[in-house]
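Everything on this sheet refers to the single structure shown next.
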Amino acid sequence: MQRRHFLRGMLGTLAATRLTLPALASLALSGCQREPLLPGTLLSACDDASGHHFVASIQPDGSLGFQIPVPLRAHDSCASKQRDRALFFARRPGHQIYVVDLHERQLIQTIDAEPGRHFYGHGVISVDGQWLFTTEQIYATGQGMIGVYRMSQPIRRETEFSSHGMDPHQL
């Protein structure tokens, strides 16, 4: 009897997951864009059974689009306005942002936090697609900062401004 309940629950979960995958994709990218990268594509970070970290995409049919190893666990992600690049932010207190070329399905840039800083796992791209804003912290003082990066090829840090508090998280 317990096995039947378990199997029925698993089948229901799988069916619900397949039905809501486009909705999940839209939510995953809502921090940077209001529409999914491609209809139903999900950007995510994941770990394998051995604890290795990856950034990945899941296609609308549930198949793996790409899975790229990265040294730090990622947290949030967003796509460029042109939908040619995806950015994955290392989980707090992370020190890297991973930039993936979505056409080539490969890591093309790793952005390191400024010395004495860490990222908080989140960032957003401006509506015009020209700027990336990241939440950061200065270790020595605990002061929260917003890093400002130009969305060029490669992405470059331009300036910063105070978040006017400690521990900025999601923009």
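Chain lettering (A, B, ...) mirrors the order of the structure tokens, residue numbering begins at 1 for each chain separately, and ligand numbering begins at 1 in order of display.
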
Got a sec: who's within 6 Å of Ile97 (chain A), counting only C-alpha atoms, leaving out chain neighbours fewer than 3 positions off, as a PyMOL selection string? chain A and resi 88-90+110-111

Using only C-alpha atoms, determine which residues lie at most 8 Å from Gln170 (chain A), disregarding the query and same-chain residues fewer than 6 positions distant; provide the list as an MDAnalysis selection string. chainID A and resid 120:123 135

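For the set A:Tyr139, A:Phe161, A:Phe66, A:Tyr149, the residue with the smallest atom-to-atom gap to Pro93 (chain A) is A:Tyr139, counting only C-alpha atoms.
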
Of A:Ser57, A:Ser44, A:Cys78, A:Val99, the one sitting nearest Gln153 (chain A) when using only C-alpha atoms is A:Val99

Hey, what's within 9 Å of Pro71 (chain A) if we count only C-alpha atoms and toss same-chain stuff fewer than 6 positions away? As a ChimeraX atom specification, please? /A:52-54

Can you spit out the residues from that selection as a tab-separated table (two decimals), in the first residue's frame, using N, CA, C and O atoms?
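Below is the file that was written, again.tsv:
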chain	number	residue	atom	x	y	z
A	52	HIS	N	29.95	18.29	-7.47
A	52	HIS	CA	30.50	19.21	-8.47
A	52	HIS	C	29.41	20.18	-8.90
A	52	HIS	O	28.24	19.81	-9.00
A	53	HIS	N	29.80	21.43	-9.19
A	53	HIS	CA	28.85	22.48	-9.52
A	53	HIS	C	28.77	22.70	-11.02
A	53	HIS	O	29.78	22.62	-11.73
A	54	PHE	N	27.57	23.06	-11.49
A	54	PHE	CA	27.32	23.28	-12.92
A	54	PHE	C	26.35	24.44	-13.10
A	54	PHE	O	25.53	24.72	-12.22

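Atom to atom, CA of Gly144 (chain A) and CA of His164 (chain A) stand 6.7 Å apart.
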
For Phe119 (chain A): contacts at 10 Å, only C-alpha atoms, fewer than 5 positions along chain excluded, given as number ranges by chain: A: 89-97, 112-114, 134-138, 144-147, 167-169

Using C-alpha atoms, can you export the residues from the last selection as a compact mmCIF listing (two decimals), in the first residue's frame?
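The resulting file, selection06.txt, is shown below:
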# COMPACT_ATOMS: atom_id res chain seq x y z
CA PHE A 89 25.94 34.49 -10.14
CA ALA A 90 27.91 32.51 -7.55
CA ARG A 91 25.97 31.88 -4.36
CA ARG A 92 26.63 34.23 -1.44
CA PRO A 93 29.39 34.77 -0.43
CA GLY A 94 30.48 34.06 -4.00
CA HIS A 95 33.35 35.63 -5.84
CA GLN A 96 32.46 34.98 -9.47
CA ILE A 97 29.92 35.57 -12.21
CA ASP A 112 35.82 38.01 -10.36
CA ALA A 113 34.64 40.16 -7.46
CA GLU A 114 36.83 43.12 -6.59
CA THR A 134 25.19 43.35 -8.93
CA THR A 135 24.77 43.20 -5.17
CA GLU A 136 28.12 43.10 -3.36
CA GLN A 137 29.63 43.55 0.10
CA ILE A 138 32.92 44.94 1.36
CA GLY A 144 26.66 46.90 0.83
CA MET A 145 27.52 48.05 -2.67
CA ILE A 146 25.93 47.92 -6.10
CA GLY A 147 28.50 47.07 -8.76
CA ASP A 167 23.79 42.72 3.12
CA PRO A 168 22.09 43.77 -0.13
CA HIS A 169 20.60 40.64 -1.61

Can you tell me, as an MDAnalysis selection string, which residues in region 76-127 of chain A count as strand (DSSP E) by DSSP? chainID A and resid 76:79 85:90 96:101 106:112 117:125

Atoms to include: N, CA, C and O atoms. Write the selected residues as a CSV table (one decimal), in the first residue's frame.
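Here's the written file part-v2.csv:
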chain,number,residue,atom,x,y,z
A,76,ASP,N,21.6,32.6,-8.8
A,76,ASP,CA,20.6,33.2,-9.7
A,76,ASP,C,21.2,33.4,-11.1
A,76,ASP,O,22.4,33.2,-11.2
A,77,SER,N,20.3,33.6,-12.0
A,77,SER,CA,20.8,33.7,-13.4
A,77,SER,C,19.9,34.7,-14.2
A,77,SER,O,18.8,35.0,-13.7
A,78,CYS,N,20.5,35.3,-15.3
A,78,CYS,CA,19.7,36.1,-16.1
A,78,CYS,C,20.3,36.1,-17.5
A,78,CYS,O,21.4,35.6,-17.7
A,79,ALA,N,19.5,36.5,-18.5
A,79,ALA,CA,20.0,36.5,-19.9
A,79,ALA,C,20.1,37.9,-20.4
A,79,ALA,O,19.4,38.8,-20.0
A,85,ARG,N,23.7,35.7,-24.4
A,85,ARG,CA,24.5,35.4,-23.2
A,85,ARG,C,23.6,35.2,-22.0
A,85,ARG,O,22.6,35.9,-21.8
A,86,ALA,N,24.1,34.3,-21.1
A,86,ALA,CA,23.4,34.1,-19.8
A,86,ALA,C,24.5,34.3,-18.8
A,86,ALA,O,25.6,34.0,-18.9
A,87,LEU,N,24.1,35.0,-17.7
A,87,LEU,CA,25.0,35.2,-16.5
A,87,LEU,C,24.5,34.4,-15.4
A,87,LEU,O,23.3,34.4,-15.1
A,88,PHE,N,25.4,33.8,-14.7
A,88,PHE,CA,25.1,33.0,-13.5
A,88,PHE,C,25.9,33.5,-12.4
A,88,PHE,O,27.1,33.6,-12.5
A,89,PHE,N,25.3,33.8,-11.3
A,89,PHE,CA,25.9,34.5,-10.1
A,89,PHE,C,26.2,33.5,-9.0
A,89,PHE,O,25.4,32.7,-8.6
A,90,ALA,N,27.5,33.4,-8.6
A,90,ALA,CA,27.9,32.5,-7.5
A,90,ALA,C,27.1,32.8,-6.3
A,90,ALA,O,26.8,34.0,-6.0
A,96,GLN,N,32.4,35.0,-8.0
A,96,GLN,CA,32.5,35.0,-9.5
A,96,GLN,C,31.1,35.1,-10.1
A,96,GLN,O,30.1,34.7,-9.5
A,97,ILE,N,31.1,35.6,-11.3
A,97,ILE,CA,29.9,35.6,-12.2
A,97,ILE,C,30.4,34.8,-13.5
A,97,ILE,O,31.4,35.1,-14.0
A,98,TYR,N,29.6,33.9,-13.9
A,98,TYR,CA,29.9,33.0,-15.1
A,98,TYR,C,29.0,33.5,-16.3
A,98,TYR,O,27.8,33.6,-16.1
A,99,VAL,N,29.7,33.8,-17.4
A,99,VAL,CA,29.0,34.3,-18.6
A,99,VAL,C,29.1,33.2,-19.6
A,99,VAL,O,30.2,32.7,-20.0
A,100,VAL,N,27.9,32.7,-20.1
A,100,VAL,CA,27.8,31.6,-21.0
A,100,VAL,C,27.3,32.2,-22.4
A,100,VAL,O,26.3,32.9,-22.4
A,101,ASP,N,28.0,31.8,-23.4
A,101,ASP,CA,27.5,32.1,-24.8
A,101,ASP,C,26.5,31.1,-25.1
A,101,ASP,O,26.7,29.8,-25.1
A,106,GLN,N,28.9,27.5,-24.2
A,106,GLN,CA,30.2,27.4,-23.5
A,106,GLN,C,30.4,28.6,-22.6
A,106,GLN,O,29.9,29.7,-22.9
A,107,LEU,N,31.2,28.4,-21.6
A,107,LEU,CA,31.6,29.5,-20.7
A,107,LEU,C,32.6,30.4,-21.5
A,107,LEU,O,33.6,29.9,-22.0
A,108,ILE,N,32.3,31.7,-21.6
A,108,ILE,CA,33.1,32.6,-22.3
A,108,ILE,C,33.8,33.7,-21.4
A,108,ILE,O,34.8,34.3,-21.9
A,109,GLN,N,33.3,33.8,-20.2
A,109,GLN,CA,34.0,34.8,-19.3
A,109,GLN,C,33.6,34.5,-17.9
A,109,GLN,O,32.5,34.0,-17.6
A,110,THR,N,34.6,34.7,-17.0
A,110,THR,CA,34.4,34.6,-15.5
A,110,THR,C,34.7,36.0,-15.0
A,110,THR,O,35.9,36.5,-15.2
A,111,ILE,N,33.8,36.6,-14.3
A,111,ILE,CA,34.0,37.9,-13.7
A,111,ILE,C,34.3,37.7,-12.2
A,111,ILE,O,33.5,37.1,-11.5
A,112,ASP,N,35.5,38.1,-11.8
A,112,ASP,CA,35.8,38.0,-10.4
A,112,ASP,C,35.4,39.3,-9.6
A,112,ASP,O,35.5,40.4,-10.1
A,117,ARG,N,35.9,41.8,-1.6
A,117,ARG,CA,34.4,41.9,-1.8
A,117,ARG,C,33.9,40.5,-2.1
A,117,ARG,O,34.6,39.5,-2.4
A,118,HIS,N,32.6,40.3,-2.0
A,118,HIS,CA,31.9,39.2,-2.5
A,118,HIS,C,30.6,39.6,-3.1
A,118,HIS,O,30.0,40.6,-2.8
A,119,PHE,N,30.1,38.7,-4.0
A,119,PHE,CA,28.8,38.9,-4.6
A,119,PHE,C,27.7,38.3,-3.7
A,119,PHE,O,28.0,37.4,-2.9
A,120,TYR,N,26.5,38.7,-3.9
A,120,TYR,CA,25.4,38.1,-3.1
A,120,TYR,C,24.5,37.1,-3.9
A,120,TYR,O,23.4,36.8,-3.5
A,121,GLY,N,25.0,36.7,-5.1
A,121,GLY,CA,24.2,35.7,-5.9
A,121,GLY,C,23.2,36.3,-6.8
A,121,GLY,O,22.4,35.5,-7.4
A,122,HIS,N,23.1,37.6,-6.9
A,122,HIS,CA,22.0,38.2,-7.8
A,122,HIS,C,22.6,39.4,-8.6
A,122,HIS,O,23.5,40.0,-8.2
A,123,GLY,N,21.9,39.6,-9.7
A,123,GLY,CA,22.2,40.8,-10.5
A,123,GLY,C,21.0,41.0,-11.5
A,123,GLY,O,20.2,40.1,-11.7
A,124,VAL,N,21.0,42.2,-12.0
A,124,VAL,CA,20.0,42.5,-13.0
A,124,VAL,C,20.6,43.3,-14.2
A,124,VAL,O,21.6,44.0,-14.0
A,125,ILE,N,20.0,43.2,-15.3
A,125,ILE,CA,20.5,43.9,-16.5
A,125,ILE,C,19.5,45.0,-16.8
A,125,ILE,O,18.2,44.8,-16.7

Tell me which protein, DNA and RNA residues are within 8 Å of Glu158 (chain A), counting only C-alpha atoms, leaving out same-chain ones fewer than 2 positions away, and put them as a ChimeraX atom specification. /A:148-150,156,160

Serialized selection, C-alpha atoms, as an mmCIF file, in the first residue's frame:
data_model
loop_
_atom_site.group_PDB
_atom_site.id
_atom_site.type_symbol
_atom_site.label_atom_id
_atom_site.label_comp_id
_atom_site.auth_asym_id
_atom_site.auth_seq_id
_atom_site.Cartn_x
_atom_site.Cartn_y
_atom_site.Cartn_z
ATOM 1 C CA VAL A 148 27.925 48.575 -12.206
ATOM 2 C CA TYR A 149 29.227 46.693 -15.252
ATOM 3 C CA ARG A 150 29.065 47.553 -18.947
ATOM 4 C CA ARG A 156 33.608 45.264 -17.770
ATOM 5 C CA GLU A 160 29.802 51.262 -8.033
#

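Across the model, the gap from CA of Val127 (chain A) to CA of Gly65 (chain A) is 26.2 Å.
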
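Shortest atom-to-atom contact with Cys46 (chain A) among A:Pro69, A:Gly129, A:Pro154, A:Pro115: A:Pro69, counting only C-alpha atoms.
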